[in-house]
Each structure stands twice: as C-alpha cells, then as structure tokens.
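Take a look at the structure set out below.
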Amino acid sequence: MLMTARTHDLAAITALGALLIVYPVGDIKLATVLVAFLANQFGGIAPDIDQPTAPLWRNLPIGRLFGKFVGKGLGGHRFITHSVIGLFLAALLMKALLLFIHPLMPNVDINLVWWAFMIGMASHLIMDSLTKEGVPWLLPLPFKFGFPPIRAFRITTGKSGEKMLFLTILAIDIWYIAANYTHLVTVAKQIIARS
Ligand SMILES: [Zn+2]
C-alpha cells in the first residue's frame with residue numbers, strides 16, 4: 001500500500017519551505033524557483049518508481065506495464081530507492097543530469113535545484129518511515145526502520161492516520177505562511193523584480 005502522492009508532494013514542499021528559513025535565497029531568479037519547485041515535487045514521489053502502482057507510472061499510457069518491469073528491476077516494493085544508497089545514487093545522477101542540462105538554462109541555479117530535489121526525496125523516506133511498513137534505510141541490511149519504533153503507533157497508509165498527517169502538515173504550512181506573510185510577499189516581489 002502506497003502513501004498517496006498528495007501527501008508526499010505536500011511533505012516535499014513543506015521540507016523545502018523549512019530549508020528556506022535557514023538558507024539565504026540570495027539573488028535567485030524566478031526560473032530557479034520554478035525549476036526547483038518541479039525538482040522538489042519530482043523528488044517527493046521519485047522513490048516510488050520501484051512500485052508498479054506508483055502515480056508516476058499510473059499517469060503514463062503504458063505506465064502500468066512498464067512500471068512492473070522497473071519495479072522488478074529495482075527489487076520491488078520499498079527497496080533500493082528507499083535507502084541511503086538510493087539517496088546517494090540519486091544525488092549523483094541528479095548532479096550529472098543538472099550539469100548536463102545547465103547550458104540549456106544558464107539562468108537557473110542548479111545547486112539550489114539539486115537541493116530541492118534531494119530534500120523532496122529525503123522527505124519521502126521520512127514520511128514512509130512513519131508508516132507501519134517502515135523503510136529499509138540501511139540496505140543491503142535487510143531491516144526496515146520506522147518511527148516511532150513501536151509499529152503499532154505508526155500510521156497505516158491510505159487510512160485516517162494518513163489523512164490526519166496530511167491535515168497536520170497542511171495546518172503547519174498555513175501557520176507558516178500566515179506567520180511570515182509580509183516577509184514572503186517581499187521576497188516574492190524581489191524575485192519577480194530581478195527576473
Ligand atoms: Zn515510498
């Protein structure tokens with residue numbers, strides 16, 4: 001059972017927002033913001049490419065069939081893409097990809113885009129760790145870890161526990177936007193003026 005893409009997307013953008021509190025955005029341009037946002041959302045659902053029912057595959061015409069093959073290749077449900085090694089490999093791949101396409105979008109700060117992707121991906125593993133199934137963080141060690149460590153206290157994906165979690169994160173986001181509204185508007189105006 002998968003945690004929904006909706007929950008992962010929200011968690012990814014929330015994690016990115018939390019980073020922006022401590023990371024000085026400097027002189028970033030609108031193009032960077034947009035590409036970073038896309039990379040962040042992609043990172044938020046990317047680990048589920050190892051699952052044939054993932055939203056990524058479901059939304060493509062021949063996705064279901066293709067997803068089954070990819071799922072088998074990556075070891076099936078919550079495997080390599082849900083581990084530290086997977087994070088590390090994704091980090092290298094994403095770096096290479098961004099360096100390759102940077103000439104096509106020279107105005108984009110690819111370092112920030114890379115961070116946005118990695119934060120999205122890490123948030124995915126953290127969110128999955130809150131579920132009963134847990135996450136094999138230390139592959140190839142065959143153990144799944146979760147938080148809280150006692151399985152009964154974790155949430156069941158797709159059930160009311162996940163909805164509660166979604167609403168809690170949403171509430172935090174609304175509070176965050178309300179509490180920093182003036183600042184956020186100022187930053188947004190600066191970014192637009194600069195672009
Ligand atoms: Zn997952």
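Starting from 1 in every chain, residues are counted up; chains themselves are A, B, ... following the order of the structure tokens, and ligands are numbered from 1 as listed.
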Residues within 7 Å of ligand 1 should be enumerated using only C-alpha atoms and all ligand atoms and returned as a list in words.
Leu2, Met3, Pro47, Asp48, Arg78, His82, His124, Leu125 and Asp128 of chain A
Run DSSP on the backbone and tell me which residues of region 85-176 of chain A come out as strand (DSSP E or B); list them as an mmCIF file with C-alpha atoms, in the first residue's frame.
```cif
data_model
loop_
_atom_site.group_PDB
_atom_site.id
_atom_site.type_symbol
_atom_site.label_atom_id
_atom_site.label_comp_id
_atom_site.auth_asym_id
_atom_site.auth_seq_id
_atom_site.Cartn_x
_atom_site.Cartn_y
_atom_site.Cartn_z
ATOM 1 C CA THR A 131 4.054 4.110 8.232
ATOM 2 C CA VAL A 135 11.763 1.836 5.232
ATOM 3 C CA PHE A 145 13.027 1.019 10.178
ATOM 4 C CA ILE A 155 0.151 5.137 10.617
#
```
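The neighbours of Asn107 (chain A) here are the residues that come within 7 Å of it, using only C-alpha atoms and leaving out any residue fewer than 2 positions away in the same chain; they are A:Ala31, A:Met105, A:Asp109.
With distances restricted to only C-alpha atoms, A:Ile21 is the closest residue to Leu184 (chain A) from A:Ala171, A:Ala12, A:Ile21, A:Leu139.
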Which of region 23-171 of chain A counts as helix (DSSP H, G or I) under DSSP, as a count of residues only please?
95
Nearest-residue call for Leu87 (chain A), choices A:Met118, A:Thr7, A:Lys189, A:Ile101, using only C-alpha atoms:
A:Met118
Could you check how far CA of Ala188 (chain A) sits from CA of Phe42 (chain A), in Å to one decimal?
22.6 Å
Phe37 (chain A): which residues within 9 Å, counting only C-alpha atoms, same-chain residues fewer than 4 positions away excluded, as a list in words?
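The residues that qualify are Ile13, Leu16, Thr32, Val33, Gln41, Phe42, Val113, Ala116 and Phe117 of chain A.
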Selected residues, C-alpha atoms, written as a PDB file, in the first residue's frame, please.
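Output (out-v5.pdb):
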```pdb
ATOM      1  CA  ILE A  13       7.229  21.371  -0.463  1.00  0.00           C
ATOM      2  CA  LEU A  16      11.710  22.853   1.092  1.00  0.00           C
ATOM      3  CA  THR A  32      15.286  28.853 -10.454  1.00  0.00           C
ATOM      4  CA  VAL A  33      12.207  28.946  -8.229  1.00  0.00           C
ATOM      5  CA  GLN A  41       7.875  17.641  -6.320  1.00  0.00           C
ATOM      6  CA  PHE A  42       9.564  15.049  -8.531  1.00  0.00           C
ATOM      7  CA  VAL A 113      17.579  22.800  -7.844  1.00  0.00           C
ATOM      8  CA  ALA A 116      15.273  20.975  -3.801  1.00  0.00           C
ATOM      9  CA  PHE A 117      15.248  17.524  -5.413  1.00  0.00           C
TER      10      PHE A 117
END
```
Report, in Å to a single decimal, how far apart CA of Ala179 (chain A) and CA of Met164 (chain A) are.
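Result for CA of Met164 (chain A) versus CA of Ala179 (chain A): 22.2 Å, one decimal.
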Extract, using only C-alpha atoms, all DNA, RNA and protein residues at most 10 Å from region 79-81 of chain A, discarding same-chain residues fewer than 6 positions from it, and format them as a list in words.
Ala46, Pro47, Asp48, Ile49, Asp50, Gln51, Gly71, Leu87, Phe88, Leu89, Ala90, Met121, Leu125, Val135, Pro136, Trp137, Leu138, Leu139, Pro140, Pro142 and Lys144 of chain A
Output of the above residues as a CSV table (one decimal), in the first residue's frame, restricted to N, CA and C atoms:
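Heads up, here's the output in selection.csv:
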```csv
chain,number,residue,atom,x,y,z
A,46,ALA,N,9.7,10.4,-6.5
A,46,ALA,CA,10.6,9.6,-7.2
A,46,ALA,C,10.9,8.2,-6.6
A,47,PRO,N,11.1,8.1,-5.3
A,47,PRO,CA,11.4,6.8,-4.7
A,47,PRO,C,10.4,5.7,-5.1
A,48,ASP,N,9.1,6.1,-5.3
A,48,ASP,CA,8.1,5.1,-5.6
A,48,ASP,C,8.2,4.6,-7.1
A,49,ILE,N,9.2,4.9,-7.8
A,49,ILE,CA,9.4,4.3,-9.1
A,49,ILE,C,9.6,2.8,-9.0
A,50,ASP,N,9.9,2.4,-7.8
A,50,ASP,CA,10.1,0.9,-7.6
A,50,ASP,C,8.8,0.2,-7.3
A,51,GLN,N,7.7,0.9,-7.5
A,51,GLN,CA,6.4,0.3,-7.2
A,51,GLN,C,5.5,0.4,-8.4
A,71,GLY,N,9.8,-2.0,-11.5
A,71,GLY,CA,9.6,-2.4,-10.1
A,71,GLY,C,10.4,-3.7,-9.9
A,87,LEU,N,19.5,7.1,-2.0
A,87,LEU,CA,19.6,8.6,-1.9
A,87,LEU,C,20.9,9.1,-2.5
A,88,PHE,N,22.0,8.3,-2.2
A,88,PHE,CA,23.3,8.6,-2.7
A,88,PHE,C,23.4,8.5,-4.2
A,89,LEU,N,22.9,7.4,-4.7
A,89,LEU,CA,22.9,7.2,-6.2
A,89,LEU,C,22.0,8.3,-6.9
A,90,ALA,N,20.9,8.6,-6.3
A,90,ALA,CA,20.0,9.7,-6.9
A,90,ALA,C,20.7,11.0,-6.9
A,121,MET,N,13.2,14.1,-2.0
A,121,MET,CA,13.4,12.7,-1.9
A,121,MET,C,13.6,12.3,-0.4
A,125,LEU,N,11.3,9.5,2.2
A,125,LEU,CA,11.7,8.4,3.0
A,125,LEU,C,11.3,8.7,4.5
A,135,VAL,N,10.9,1.6,6.4
A,135,VAL,CA,11.8,1.8,5.2
A,135,VAL,C,13.1,1.1,5.4
A,136,PRO,N,13.6,0.4,4.4
A,136,PRO,CA,14.9,-0.3,4.5
A,136,PRO,C,16.1,0.7,4.4
A,137,TRP,N,16.2,1.6,5.3
A,137,TRP,CA,17.2,2.7,5.2
A,137,TRP,C,18.6,2.2,4.9
A,138,LEU,N,18.9,1.0,5.6
A,138,LEU,CA,20.3,0.6,5.5
A,138,LEU,C,20.6,-0.6,4.6
A,139,LEU,N,19.8,-0.7,3.5
A,139,LEU,CA,20.1,-1.7,2.5
A,139,LEU,C,21.6,-1.7,2.2
A,140,PRO,N,22.2,-2.8,1.9
A,140,PRO,CA,21.7,-4.2,1.8
A,140,PRO,C,21.3,-4.9,3.1
A,142,PRO,N,18.9,-6.2,5.6
A,142,PRO,CA,17.5,-6.4,5.3
A,142,PRO,C,16.5,-6.0,6.5
A,144,LYS,N,13.8,-3.1,8.1
A,144,LYS,CA,13.0,-1.9,7.8
A,144,LYS,C,12.9,-1.1,9.1
```
Quote the spacing between CA of Gln190 (chain A) and CA of Pro106 (chain A) in Å to one decimal place.
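Atom-to-atom, CA of Gln190 (chain A) and CA of Pro106 (chain A) are spaced 19.8 Å apart.
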